[in-house]
file final_33.cif (mmCIF, C-alpha atoms and all ligand atoms)
data_query
loop_
_atom_site.label_atom_id
_atom_site.label_comp_id
_atom_site.auth_asym_id
_atom_site.auth_seq_id
_atom_site.Cartn_x
_atom_site.Cartn_y
_atom_site.Cartn_z
CA MET A 700 7.00 -31.84 -70.11
CA LYS A 701 8.01 -34.41 -67.53
CA ILE A 702 9.33 -32.71 -64.42
CA LEU A 703 11.19 -34.12 -61.42
CA ILE A 704 11.39 -32.26 -58.10
CA VAL A 705 14.08 -33.21 -55.57
CA GLY A 706 13.19 -32.71 -51.90
CA SER A 707 10.54 -33.58 -49.36
CA GLY A 708 9.50 -30.53 -47.33
CA GLY A 709 6.82 -27.86 -47.29
CA ARG A 710 8.92 -25.86 -49.74
CA GLU A 711 8.89 -28.71 -52.24
CA HIS A 712 5.13 -29.14 -51.76
CA ALA A 713 4.65 -25.48 -52.64
CA ILE A 714 6.94 -25.86 -55.67
CA ALA A 715 5.03 -28.98 -56.77
CA TRP A 716 1.69 -27.20 -56.37
CA LYS A 717 2.96 -24.25 -58.44
CA ILE A 718 4.44 -26.46 -61.17
CA ALA A 719 1.14 -28.35 -61.35
CA GLN A 720 -0.59 -25.06 -62.34
CA SER A 721 1.56 -24.87 -65.47
CA PRO A 722 0.05 -26.05 -68.75
CA LEU A 723 3.58 -27.14 -69.66
CA ALA A 724 3.65 -29.79 -66.93
CA GLU A 725 2.29 -33.12 -68.16
CA LYS A 726 3.72 -35.40 -65.51
CA ILE A 727 5.44 -34.56 -62.21
CA TYR A 728 7.66 -36.79 -60.11
CA CYS A 729 9.16 -36.02 -56.71
CA ALA A 730 12.09 -37.70 -54.97
CA PRO A 731 11.50 -38.56 -52.20
CA GLY A 732 8.41 -36.32 -51.68
CA ASN A 733 5.83 -36.60 -48.90
CA ALA A 734 2.15 -37.42 -48.42
CA GLY A 735 0.98 -33.97 -49.56
CA ILE A 736 3.15 -33.82 -52.67
CA GLU A 737 1.51 -37.07 -53.83
CA GLU A 738 -1.54 -35.06 -54.81
CA TYR A 739 0.43 -33.51 -57.67
CA ALA A 740 3.36 -35.82 -58.23
CA GLU A 741 4.33 -39.46 -58.30
CA CYS A 742 6.72 -39.82 -55.37
CA VAL A 743 9.74 -42.07 -55.86
CA ASN A 744 11.77 -43.47 -53.03
CA ILE A 745 15.17 -41.98 -53.89
CA GLY A 746 17.02 -39.78 -51.40
CA ALA A 747 18.09 -36.26 -52.34
CA MET A 748 21.78 -37.19 -51.94
CA GLU A 749 21.59 -40.32 -54.12
CA PHE A 750 22.85 -38.55 -57.24
CA GLU A 751 23.50 -41.64 -59.33
CA LYS A 752 20.04 -43.01 -58.69
CA LEU A 753 18.44 -39.63 -59.39
CA VAL A 754 20.27 -39.30 -62.70
CA ALA A 755 19.42 -42.89 -63.68
CA PHE A 756 15.76 -42.27 -62.85
CA ALA A 757 15.67 -39.03 -64.86
CA LYS A 758 17.18 -40.81 -67.86
CA GLU A 759 14.86 -43.78 -67.62
CA LYS A 760 11.73 -41.60 -67.38
CA GLU A 761 13.04 -39.11 -69.97
CA ILE A 762 12.61 -36.20 -67.57
CA ASP A 763 12.71 -32.84 -69.36
CA LEU A 764 13.41 -30.68 -66.32
CA THR A 765 14.62 -31.39 -62.79
CA VAL A 766 14.16 -28.81 -60.03
CA ILE A 767 16.31 -29.09 -56.92
CA GLY A 768 14.67 -27.78 -53.74
CA MET A 769 17.25 -28.49 -51.06
CA ASP A 770 20.66 -27.08 -50.17
CA ASP A 771 22.61 -30.27 -49.40
CA PRO A 772 22.41 -31.80 -52.89
CA LEU A 773 23.14 -28.42 -54.52
CA VAL A 774 26.24 -27.84 -52.41
CA GLY A 775 27.22 -31.46 -53.06
CA GLY A 776 27.10 -31.01 -56.85
CA VAL A 777 23.83 -32.61 -57.94
CA VAL A 778 23.45 -30.09 -60.78
CA ASP A 779 26.87 -31.01 -62.15
CA ALA A 780 25.89 -34.70 -62.05
CA PHE A 781 22.70 -34.02 -64.05
CA GLU A 782 24.48 -31.78 -66.56
CA ALA A 783 27.24 -34.35 -67.06
CA ALA A 784 24.50 -36.79 -68.09
CA GLY A 785 23.06 -34.26 -70.56
CA LEU A 786 19.95 -33.56 -68.46
CA ARG A 787 18.25 -30.19 -67.97
CA VAL A 788 18.25 -29.09 -64.35
CA PHE A 789 17.32 -25.95 -62.43
CA GLY A 790 19.77 -24.91 -59.72
CA PRO A 791 23.34 -23.66 -59.27
CA ARG A 792 26.35 -25.84 -60.02
CA LYS A 793 28.59 -26.84 -57.14
CA ASN A 794 31.01 -23.99 -57.79
CA ALA A 795 28.16 -21.47 -57.43
CA ALA A 796 26.18 -23.19 -54.63
CA ILE A 797 29.24 -22.43 -52.49
CA LEU A 798 27.56 -19.05 -52.03
CA GLU A 799 25.48 -20.88 -49.41
CA GLY A 800 27.85 -23.76 -48.74
CA SER A 801 30.68 -21.68 -47.29
CA LYS A 802 30.19 -18.62 -45.13
CA ALA A 803 33.93 -17.87 -45.44
CA PHE A 804 33.48 -17.78 -49.24
CA SER A 805 30.38 -15.59 -49.19
CA LYS A 806 31.88 -13.11 -46.70
CA GLU A 807 35.07 -12.88 -48.77
CA LEU A 808 32.99 -12.29 -51.92
CA MET A 809 31.01 -9.49 -50.25
CA LYS A 810 34.20 -7.85 -48.97
CA LYS A 811 35.90 -8.04 -52.36
CA TYR A 812 32.92 -6.58 -54.23
CA HIS A 813 31.87 -4.05 -51.56
CA ILE A 814 28.47 -5.64 -50.90
CA PRO A 815 27.15 -4.39 -47.54
CA THR A 816 27.45 -7.00 -44.77
CA ALA A 817 28.63 -7.25 -41.14
CA ALA A 818 32.36 -6.77 -40.49
CA TYR A 819 34.04 -10.14 -39.92
CA GLU A 820 37.17 -12.28 -39.65
CA THR A 821 37.68 -15.89 -40.78
CA PHE A 822 39.58 -18.48 -38.71
CA ASP A 823 40.78 -22.01 -39.22
CA ASP A 824 42.71 -22.15 -35.96
CA PRO A 825 40.74 -22.08 -32.67
CA ALA A 826 43.68 -20.50 -30.79
CA LYS A 827 43.64 -17.52 -33.16
CA ALA A 828 39.86 -17.24 -32.88
CA LEU A 829 40.11 -17.19 -29.09
CA ALA A 830 42.85 -14.56 -29.18
CA TYR A 831 40.72 -12.40 -31.48
CA LEU A 832 37.77 -12.59 -29.08
CA GLU A 833 39.82 -11.02 -26.24
CA THR A 834 39.55 -7.57 -27.79
CA ALA A 835 36.30 -8.00 -29.74
CA LYS A 836 33.12 -6.08 -28.99
CA MET A 837 30.21 -8.05 -27.47
CA PRO A 838 27.66 -9.35 -28.35
CA ILE A 839 29.33 -11.17 -31.19
CA VAL A 840 28.26 -13.75 -33.78
CA LEU A 841 30.04 -17.05 -34.46
CA LYS A 842 29.27 -18.99 -37.63
CA ALA A 843 30.43 -22.45 -38.65
CA ASP A 844 31.66 -22.18 -42.24
CA GLY A 845 29.64 -25.00 -43.80
CA LEU A 846 26.04 -26.24 -43.89
CA ALA A 847 24.70 -27.03 -40.41
CA LEU A 848 20.94 -27.44 -40.90
CA GLY A 849 20.51 -23.74 -40.17
CA LYS A 850 21.92 -24.23 -36.68
CA GLY A 851 25.57 -23.24 -37.13
CA VAL A 852 25.14 -19.63 -35.97
CA LEU A 853 25.77 -18.70 -32.33
CA ILE A 854 24.97 -15.27 -30.95
CA CYS A 855 27.18 -14.74 -27.90
CA GLN A 856 26.42 -12.07 -25.30
CA ASN A 857 29.79 -12.10 -23.57
CA LEU A 858 33.36 -13.37 -23.77
CA GLU A 859 32.62 -16.50 -21.79
CA GLU A 860 29.83 -17.58 -24.16
CA ALA A 861 31.98 -16.76 -27.16
CA ARG A 862 34.89 -18.85 -25.87
CA ALA A 863 32.50 -21.77 -25.29
CA GLY A 864 31.12 -21.25 -28.81
CA VAL A 865 34.55 -21.47 -30.45
CA LYS A 866 35.14 -24.71 -28.54
CA GLU A 867 31.77 -26.14 -29.67
CA ILE A 868 32.26 -25.28 -33.32
CA MET A 869 36.00 -25.81 -33.88
CA GLU A 870 37.13 -28.26 -31.19
CA ASP A 871 34.10 -30.38 -30.28
CA LYS A 872 32.96 -30.20 -33.93
CA LYS A 873 29.32 -29.93 -32.90
CA PHE A 874 28.44 -29.21 -36.55
CA GLY A 875 30.94 -31.72 -37.95
CA SER A 876 33.30 -30.61 -40.70
CA ALA A 877 31.17 -27.46 -41.17
CA GLY A 878 33.26 -26.20 -38.22
CA ASN A 879 36.70 -26.69 -39.77
CA GLN A 880 36.59 -22.99 -40.48
CA MET A 881 34.54 -20.31 -38.83
CA VAL A 882 33.50 -16.74 -39.32
CA ILE A 883 33.33 -14.34 -36.39
CA GLU A 884 31.27 -11.29 -37.19
CA GLU A 885 29.88 -8.10 -35.82
CA PHE A 886 26.44 -8.35 -34.18
CA MET A 887 23.85 -6.31 -36.07
CA THR A 888 20.39 -5.21 -35.01
CA GLY A 889 17.34 -4.50 -37.12
CA ARG A 890 14.44 -6.14 -38.93
CA GLU A 891 15.14 -9.24 -40.96
CA VAL A 892 13.69 -9.66 -44.43
CA SER A 893 13.95 -12.60 -46.83
CA VAL A 894 14.13 -11.80 -50.53
CA LEU A 895 14.11 -14.65 -53.03
CA SER A 896 15.20 -14.15 -56.62
CA PHE A 897 15.51 -15.99 -59.93
CA VAL A 898 18.93 -15.78 -61.57
CA ASP A 899 20.08 -16.94 -65.03
CA GLY A 900 23.81 -16.34 -64.66
CA LYS A 901 23.62 -12.64 -65.52
CA THR A 902 20.07 -11.34 -65.03
CA ILE A 903 18.34 -11.32 -61.64
CA LYS A 904 14.60 -10.94 -61.03
CA ILE A 905 13.47 -10.31 -57.48
CA MET A 906 10.39 -11.99 -56.04
CA THR A 907 8.12 -10.37 -53.48
CA SER A 908 9.59 -10.02 -49.95
CA ALA A 909 8.80 -12.19 -46.93
CA GLN A 910 9.68 -12.54 -43.27
CA ASP A 911 10.35 -15.71 -41.33
CA HIS A 912 9.93 -16.41 -37.59
CA LYS A 913 12.83 -18.61 -36.52
CA ARG A 914 12.22 -19.10 -32.81
CA ALA A 915 9.95 -21.89 -31.59
CA GLY A 916 7.86 -19.85 -29.13
CA ASP A 917 5.55 -16.86 -29.16
CA GLY A 918 7.26 -13.50 -28.77
CA ASP A 919 10.48 -14.87 -30.34
CA THR A 920 11.29 -17.05 -27.36
CA GLY A 921 12.66 -20.59 -27.26
CA LEU A 922 15.06 -22.39 -29.55
CA ASN A 923 15.90 -21.60 -33.15
CA THR A 924 13.99 -23.73 -35.65
CA GLY A 925 13.88 -24.18 -39.40
CA GLY A 926 11.11 -21.54 -39.41
CA MET A 927 7.73 -21.43 -37.62
CA GLY A 928 5.86 -19.21 -40.02
CA THR A 929 6.13 -16.45 -42.59
CA PHE A 930 4.31 -13.51 -44.05
CA SER A 931 4.58 -11.78 -47.41
CA PRO A 932 5.12 -9.04 -48.35
CA SER A 933 7.15 -7.46 -45.55
CA PRO A 934 5.88 -3.93 -44.86
CA PHE A 935 9.42 -3.09 -43.74
CA TYR A 936 10.71 -3.77 -47.24
CA THR A 937 9.93 -0.26 -48.44
CA PRO A 938 10.60 1.19 -51.91
CA GLN A 939 13.69 2.87 -50.40
CA VAL A 940 15.03 -0.44 -49.13
CA ASP A 941 14.27 -2.03 -52.51
CA ALA A 942 16.09 0.73 -54.37
CA PHE A 943 19.15 0.42 -52.10
CA CYS A 944 19.31 -3.36 -52.50
CA LYS A 945 18.92 -3.09 -56.27
CA GLN A 946 21.79 -0.62 -56.40
CA TYR A 947 24.23 -2.29 -53.99
CA ILE A 948 23.29 -5.91 -53.35
CA TYR A 949 21.32 -7.94 -55.91
CA GLN A 950 22.97 -7.37 -59.27
CA ALA A 951 26.30 -6.82 -57.50
CA THR A 952 26.12 -10.38 -56.15
CA VAL A 953 25.25 -11.90 -59.52
CA ASP A 954 28.02 -9.93 -61.26
CA ALA A 955 30.53 -10.87 -58.56
CA MET A 956 29.79 -14.57 -59.00
CA ALA A 957 30.14 -14.28 -62.79
CA LYS A 958 33.45 -12.41 -62.42
CA GLU A 959 34.74 -15.15 -60.13
CA GLY A 960 34.05 -17.72 -62.87
CA ARG A 961 31.11 -19.11 -60.89
CA PRO A 962 28.04 -17.95 -62.84
CA PHE A 963 24.97 -18.49 -60.68
CA LYS A 964 21.81 -20.01 -62.16
CA GLY A 965 18.93 -20.80 -59.87
CA ILE A 966 17.52 -19.15 -56.78
CA ILE A 967 19.47 -16.70 -54.65
CA PHE A 968 17.80 -16.13 -51.30
CA PHE A 969 19.04 -12.92 -49.70
CA GLY A 970 18.76 -12.90 -45.92
CA LEU A 971 18.83 -9.17 -45.21
CA MET A 972 19.00 -7.15 -42.04
CA LEU A 973 17.63 -3.62 -42.20
CA THR A 974 20.16 -1.87 -39.95
CA GLU A 975 20.33 1.80 -39.08
CA GLU A 976 23.15 2.12 -41.60
CA GLY A 977 20.98 0.56 -44.30
CA PRO A 978 20.26 -2.98 -45.50
CA LYS A 979 23.05 -5.53 -45.06
CA VAL A 980 23.37 -9.16 -46.14
CA LEU A 981 23.11 -11.62 -43.23
CA GLU A 982 23.45 -14.66 -45.42
CA TYR A 983 22.92 -16.06 -48.87
CA ASN A 984 21.09 -19.27 -49.62
CA ALA A 985 21.26 -21.01 -52.98
CA ARG A 986 17.66 -22.27 -52.96
CA PHE A 987 14.08 -21.31 -52.12
CA GLY A 988 13.42 -20.59 -48.42
CA ASP A 989 11.31 -22.84 -46.23
CA PRO A 990 8.68 -21.60 -45.21
CA GLU A 991 9.14 -18.42 -47.33
CA THR A 992 8.22 -20.34 -50.49
CA GLN A 993 4.85 -21.22 -48.95
CA VAL A 994 3.85 -17.52 -48.92
CA VAL A 995 5.73 -16.29 -52.00
CA LEU A 996 4.67 -18.83 -54.66
CA PRO A 997 0.90 -18.61 -53.97
CA ARG A 998 1.22 -14.88 -54.81
CA MET A 999 3.23 -15.37 -58.00
CA LYS A 1000 1.33 -14.79 -61.24
CA ASN A 1001 3.80 -16.28 -63.72
CA ASP A 1002 4.02 -19.82 -64.99
CA ILE A 1003 6.95 -21.04 -62.89
CA VAL A 1004 8.03 -23.62 -65.46
CA GLU A 1005 8.58 -20.83 -67.98
CA VAL A 1006 10.69 -18.96 -65.43
CA PHE A 1007 12.78 -22.07 -64.63
CA GLU A 1008 13.37 -22.59 -68.35
CA ALA A 1009 14.39 -18.96 -68.83
CA CYS A 1010 16.94 -19.27 -66.02
CA ILE A 1011 18.48 -22.34 -67.61
CA ASP A 1012 18.50 -20.78 -71.10
CA GLY A 1013 19.83 -17.38 -69.98
CA THR A 1014 16.70 -15.53 -71.16
CA LEU A 1015 15.37 -14.30 -67.83
CA ASP A 1016 15.57 -10.70 -69.10
CA GLN A 1017 12.52 -11.53 -71.24
CA ILE A 1018 10.38 -12.57 -68.26
CA ASP A 1019 8.09 -10.02 -66.61
CA LEU A 1020 7.90 -11.42 -63.08
CA GLN A 1021 4.64 -10.45 -61.38
CA PHE A 1022 3.04 -10.91 -58.01
CA GLU A 1023 -0.52 -10.41 -56.85
CA ASP A 1024 -1.28 -7.21 -54.99
CA ASN A 1025 -2.33 -9.02 -51.80
CA ALA A 1026 -0.69 -10.79 -48.88
CA ALA A 1027 -0.15 -14.29 -47.53
CA VAL A 1028 0.60 -15.75 -44.10
CA CYS A 1029 1.89 -19.25 -43.36
CA VAL A 1030 1.58 -20.77 -39.87
CA VAL A 1031 3.69 -23.86 -39.32
CA MET A 1032 2.01 -26.59 -37.28
CA ALA A 1033 4.70 -28.60 -35.53
CA SER A 1034 5.02 -31.57 -33.18
CA GLN A 1035 5.28 -30.72 -29.47
CA GLY A 1036 8.97 -30.84 -28.53
CA TYR A 1037 10.30 -29.66 -31.92
CA PRO A 1038 13.14 -28.73 -32.57
CA VAL A 1039 14.57 -31.15 -30.01
CA LYS A 1040 12.60 -34.35 -29.48
CA TYR A 1041 9.09 -35.23 -30.56
CA GLU A 1042 6.82 -38.17 -31.25
CA LYS A 1043 5.57 -39.10 -34.70
CA GLY A 1044 2.78 -41.19 -36.16
CA PHE A 1045 -0.32 -39.25 -35.02
CA ALA A 1046 -3.29 -39.15 -37.39
CA ILE A 1047 -3.92 -35.73 -38.97
CA LYS A 1048 -7.56 -34.69 -39.25
CA GLY A 1049 -9.12 -31.95 -41.33
CA LEU A 1050 -6.83 -31.91 -44.40
CA GLU A 1051 -9.85 -32.34 -46.71
CA GLN A 1052 -11.20 -28.95 -45.53
CA PHE A 1053 -8.70 -27.22 -47.82
CA LYS A 1054 -10.00 -28.86 -50.96
CA ASP A 1055 -11.31 -26.34 -53.48
CA LYS A 1056 -10.99 -23.42 -51.06
CA GLU A 1057 -9.50 -20.62 -53.11
CA GLY A 1058 -6.65 -18.87 -51.31
CA TYR A 1059 -6.14 -21.54 -48.63
CA TYR A 1060 -3.34 -24.10 -48.78
CA VAL A 1061 -2.02 -26.84 -46.54
CA PHE A 1062 1.59 -27.60 -47.45
CA HIS A 1063 2.94 -30.81 -45.98
CA ALA A 1064 6.41 -30.95 -44.41
CA GLY A 1065 6.70 -33.98 -42.11
CA THR A 1066 3.79 -36.23 -43.07
CA LYS A 1067 3.43 -39.82 -44.20
CA LYS A 1068 0.70 -42.06 -45.56
CA ALA A 1069 -0.21 -44.84 -43.15
CA GLU A 1070 -2.99 -47.40 -43.13
CA ALA A 1071 -5.19 -45.11 -41.07
CA GLY A 1072 -4.59 -42.14 -43.37
CA ILE A 1073 -2.02 -39.34 -43.25
CA VAL A 1074 0.05 -39.19 -40.04
CA THR A 1075 2.70 -36.88 -38.58
CA ASN A 1076 6.24 -37.80 -39.54
CA GLY A 1077 8.48 -34.92 -38.51
CA GLY A 1078 9.04 -31.86 -36.35
CA ARG A 1079 7.48 -29.39 -38.72
CA VAL A 1080 4.33 -31.17 -39.90
CA LEU A 1081 2.28 -28.72 -41.97
CA GLY A 1082 2.42 -25.15 -43.26
CA VAL A 1083 -1.06 -23.65 -43.29
CA THR A 1084 -1.10 -20.73 -45.73
CA ALA A 1085 -3.89 -18.29 -46.47
CA LYS A 1086 -4.07 -15.24 -48.66
CA GLY A 1087 -5.96 -12.05 -47.92
CA GLU A 1088 -6.33 -8.60 -49.40
CA ASN A 1089 -3.75 -7.34 -46.88
CA LEU A 1090 -1.54 -8.81 -44.16
CA LYS A 1091 -4.13 -8.49 -41.43
CA ALA A 1092 -6.76 -10.28 -43.46
CA ALA A 1093 -4.29 -12.98 -44.51
CA ARG A 1094 -3.27 -13.52 -40.90
CA ALA A 1095 -6.89 -13.84 -39.74
CA ASN A 1096 -7.57 -16.31 -42.56
CA ALA A 1097 -4.48 -18.39 -41.80
CA TYR A 1098 -5.34 -18.70 -38.10
CA GLU A 1099 -8.92 -19.61 -39.01
CA ALA A 1100 -7.62 -22.37 -41.27
CA VAL A 1101 -5.29 -23.68 -38.54
CA LYS A 1102 -8.45 -24.54 -36.60
CA TRP A 1103 -9.57 -26.92 -39.37
CA ILE A 1104 -6.60 -29.18 -38.60
CA ALA A 1105 -6.16 -31.44 -35.58
CA PHE A 1106 -3.46 -33.89 -34.55
CA GLU A 1107 -2.19 -35.00 -31.18
CA ASN A 1108 0.69 -32.97 -29.73
CA ALA A 1109 0.30 -30.17 -32.26
CA PHE A 1110 1.76 -26.76 -31.50
CA TYR A 1111 2.16 -23.56 -33.44
CA ARG A 1112 3.01 -19.93 -32.83
CA HIS A 1113 0.11 -17.55 -32.27
CA ASP A 1114 1.93 -14.39 -33.33
CA ILE A 1115 3.02 -15.01 -36.91
CA GLY A 1116 2.84 -11.64 -38.64
CA LYS A 1117 2.16 -9.74 -35.45
CA ALA A 1118 5.01 -7.33 -36.24
CA ILE A 1119 2.84 -5.83 -38.95
CA ASP A 1120 0.71 -4.23 -36.23
CA GLU A 1121 3.63 -1.87 -35.64
CA VAL A 1122 3.39 -0.28 -39.09
P1 LIG B 1 22.31 -17.12 -40.87
O1 LIG B 1 22.22 -18.62 -40.95
O2 LIG B 1 23.65 -16.56 -41.20
O3 LIG B 1 21.17 -16.41 -41.50
O4 LIG B 1 22.01 -16.79 -39.33
C1 LIG B 1 20.86 -17.27 -38.68
C2 LIG B 1 20.24 -16.15 -37.89
O5 LIG B 1 21.18 -15.63 -36.96
C3 LIG B 1 19.83 -14.96 -38.75
O6 LIG B 1 18.58 -15.14 -39.32
C4 LIG B 1 19.87 -13.85 -37.73
O7 LIG B 1 18.69 -13.85 -36.95
C5 LIG B 1 21.02 -14.23 -36.84
N1 LIG B 1 22.26 -13.57 -37.28
C6 LIG B 1 23.15 -14.01 -38.18
N2 LIG B 1 24.16 -13.14 -38.34
C7 LIG B 1 23.92 -12.10 -37.51
C8 LIG B 1 24.58 -10.86 -37.20
N3 LIG B 1 25.73 -10.54 -37.77
N4 LIG B 1 24.01 -10.05 -36.31
C9 LIG B 1 22.84 -10.39 -35.70
N5 LIG B 1 22.17 -11.52 -35.94
C10 LIG B 1 22.69 -12.38 -36.82
N1 LIG B 2 13.53 -19.89 -43.72
C1 LIG B 2 14.94 -19.86 -43.76
C2 LIG B 2 15.56 -20.78 -44.71
O1 LIG B 2 14.93 -21.39 -45.55
O2 LIG B 2 16.77 -20.92 -44.65
#
call {"tool": "encode", "arguments": {"input": "final_33.cif", "output": "structure tokens"}}
result
Amino acid sequence: MKILIVGSGGREHAIAWKIAQSPLAEKIYCAPGNAGIEEYAECVNIGAMEFEKLVAFAKEKEIDLTVIGMDDPLVGGVVDAFEAAGLRVFGPRKNAAILEGSKAFSKELMKKYHIPTAAYETFDDPAKALAYLETAKMPIVLKADGLALGKGVLICQNLEEARAGVKEIMEDKKFGSAGNQMVIEEFMTGREVSVLSFVDGKTIKIMTSAQDHKRAGDGDTGLNTGGMGTFSPSPFYTPQVDAFCKQYIYQATVDAMAKEGRPFKGIIFFGLMLTEEGPKVLEYNARFGDPETQVVLPRMKNDIVEVFEACIDGTLDQIDLQFEDNAAVCVVMASQGYPVKYEKGFAIKGLEQFKDKEGYYVFHAGTKKAEAGIVTNGGRVLGVTAKGENLKAARANAYEAVKWIAFENAFYRHDIGKAIDEV
């Protein structure tokens, strides 16, 4: 098969690596890709939002399967564009990707189908939002309705902060049109767990659990980022939690989408919070997580191309999804100053150390090929992943492997997976 991947981050590198393991994959392309993905795929210079060009490329190269990694093209309808051209594509259509694309939609869906989530109200008028805040309990959470690069969520400690937040989102339009509507919801406390799943419209198969670290600094300090590291599985995702989610959340979400005439095919990423009242949905994403994918896929036993095909064909019930009985940790190496301002173009040393080392992976996020070799080209530069027989071993291995890499202005968190010491 000829396979095209759309995206350019560490997640897409992990997807490309996994697809390359499949005997079904004869030739892999990636648009636009990055310097690491080039090891497995021919990278083509087409942006993820250039639907017409992507479709034309897929037709010209007679691509058998296209896999969409990123949220923006999914929410924008890239799957519909491929299907309209008679091409096979893995991912939700626009009318289902709204599960991630609109928080107002996803909250309404959960309310209607009794899926556990934080209590909330939706507003399209800032005056009404402000009036609501007067009697609301603090802290409180404000969410821009649409996609905002993972930054459209504000946790406000008091009324003053919340008023300023409404102004930022709805009046100053800090997140653009994503702030035309907003959700105000109850603040929850508890452990967060990420659960990715494959869905074929009716059947859902859950992958192994993971946990992200969103803040830039050690000890969960500093600004929110796209994710500074992950571990898998989460020891907090117990069999009890799994049983609860299977009964009240996973299949319920898939059935709800089908009932709404929006059958979901692709990946549903459940962002869960394990509250004292039980697990609740923080958010849905309509794609693989980044950097969750970098710890989940190295542990997956199945041929991922077969699973993608089963999702498209509606035969996922016949797939026995299996994960290795071990653990993985991913430490993101970033550019000093990320997520605000950082320099690019520094040479990266040590990448060759990962070659042929079983259980060690260096997934590229912001990298580029230059004359002098591979250089930094983004805020998150690399995701260094290592497996181990348990979380502690995986963590030790990942931090050992981080030492193999060097580039100017590099920084990373030193406490990825530290929470596991508490169990
Ligand atoms: P979201 O994009 O909705 O996942 O929100 C980003 C992050 O904000 C989550 O990973 C949580 O850490 C936090 N968050 C979102 N909603 C809530 C909530 N209702 N209570 C507490 N924290 C929240
Ligand atoms: N790691 C969080 C996300 O992919 O949205």
call {"tool": "residues_near_ligand", "arguments": {"input": "final_33.cif", "ligand": "ligand LIG 1 (chain B)", "cutoff": "6 Å", "atoms": "all atoms listed in the file", "output": "list of chain:residue names"}}
result
A:Ala817, A:Val840, A:Gly849, A:Val852, A:Glu884, A:Glu885, A:Phe886, A:Met887, A:Thr888, A:Leu981, A:Glu982
call {"tool": "residues_near_ligand", "arguments": {"input": "final_33.cif", "ligand": "ligand LIG 2 (chain B)", "cutoff": "6 Å", "atoms": "all atoms listed in the file", "output": "PyMOL selection string"}}
result
chain A and resi 911+926+988-991
call {"tool": "atom_distance", "arguments": {"input": "final_33.cif", "atom1": "CA of Leu832 (chain A)", "atom2": "CA of Arg862 (chain A)"}}
result
7.6 Å
call {"tool": "atom_distance", "arguments": {"input": "final_33.cif", "atom1": "CA of Ala803 (chain A)", "atom2": "CA of Ile883 (chain A)"}}
result
9.7 Å
call {"tool": "closest_residue", "arguments": {"input": "final_33.cif", "among": "A:Tyr831, A:Phe874, A:Phe968, A:Tyr739", "to": "Ser893 (chain A)", "atoms": "all atoms listed in the file"}}
result
A:Phe968
call {"tool": "axis_aligned_box", "arguments": {"input": "final_33.cif", "around": "region 710-721 of chain A", "padding_each_side": "5 Å", "output": "lines of an AutoDock Vina configuration file"}}
result
center_x = 4.2
center_y = -26.7
center_z = -57.6
size_x = 19.5
size_y = 14.9
size_z = 25.7
call {"tool": "residues_around", "arguments": {"input": "final_33.cif", "residues": "Glu799 (chain A)", "least_positions_apart": "3", "cutoff": "10 Å", "atoms": "all atoms listed in the file", "output": "list in words"}}
result
Asp770, Asp771, Leu773, Val774, Ala795, Ala796, Lys802, Ala803, Phe804, Ser805, Asp844, Gly845, Leu846, Ile967, Phe968, Glu982, Tyr983, Asn984, Ala985 and Arg986 of chain A
call {"tool": "write_last_selection", "arguments": {"input": "final_33.cif", "atoms": "C-alpha atoms", "output": "compact mmCIF listing (two decimals), in the coordinates of the input"}}
result
# COMPACT_ATOMS: atom_id res chain seq x y z
CA ASP A 770 20.66 -27.08 -50.17
CA ASP A 771 22.61 -30.27 -49.40
CA LEU A 773 23.14 -28.42 -54.52
CA VAL A 774 26.24 -27.84 -52.41
CA ALA A 795 28.16 -21.47 -57.43
CA ALA A 796 26.18 -23.19 -54.63
CA LYS A 802 30.19 -18.62 -45.13
CA ALA A 803 33.93 -17.87 -45.44
CA PHE A 804 33.48 -17.78 -49.24
CA SER A 805 30.38 -15.59 -49.19
CA ASP A 844 31.66 -22.18 -42.24
CA GLY A 845 29.64 -25.00 -43.80
CA LEU A 846 26.04 -26.24 -43.89
CA ILE A 967 19.47 -16.70 -54.65
CA PHE A 968 17.80 -16.13 -51.30
CA GLU A 982 23.45 -14.66 -45.42
CA TYR A 983 22.92 -16.06 -48.87
CA ASN A 984 21.09 -19.27 -49.62
CA ALA A 985 21.26 -21.01 -52.98
CA ARG A 986 17.66 -22.27 -52.96
call {"tool": "build_atoms", "arguments": {"input": "final_33.cif", "residues": "region 814-819 of chain A", "atoms": "N, CA and C atoms", "output": "short mmCIF file (atom, residue, chain, number, x, y, z; two decimals), in the coordinates of the input"}}
result
data_model
loop_
_atom_site.label_atom_id
_atom_site.label_comp_id
_atom_site.auth_asym_id
_atom_site.auth_seq_id
_atom_site.Cartn_x
_atom_site.Cartn_y
_atom_site.Cartn_z
N ILE A 814 29.90 -5.41 -51.15
CA ILE A 814 28.47 -5.64 -50.90
C ILE A 814 28.24 -5.51 -49.40
N PRO A 815 27.29 -4.67 -48.97
CA PRO A 815 27.15 -4.39 -47.54
C PRO A 815 26.84 -5.63 -46.69
N THR A 816 27.65 -5.86 -45.68
CA THR A 816 27.45 -7.00 -44.77
C THR A 816 28.16 -6.67 -43.46
N ALA A 817 27.98 -7.50 -42.43
CA ALA A 817 28.63 -7.25 -41.14
C ALA A 817 30.14 -7.43 -41.27
N ALA A 818 30.91 -6.62 -40.53
CA ALA A 818 32.36 -6.77 -40.49
C ALA A 818 32.69 -8.14 -39.90
N TYR A 819 33.79 -8.76 -40.35
CA TYR A 819 34.04 -10.14 -39.92
C TYR A 819 35.52 -10.51 -40.03
#
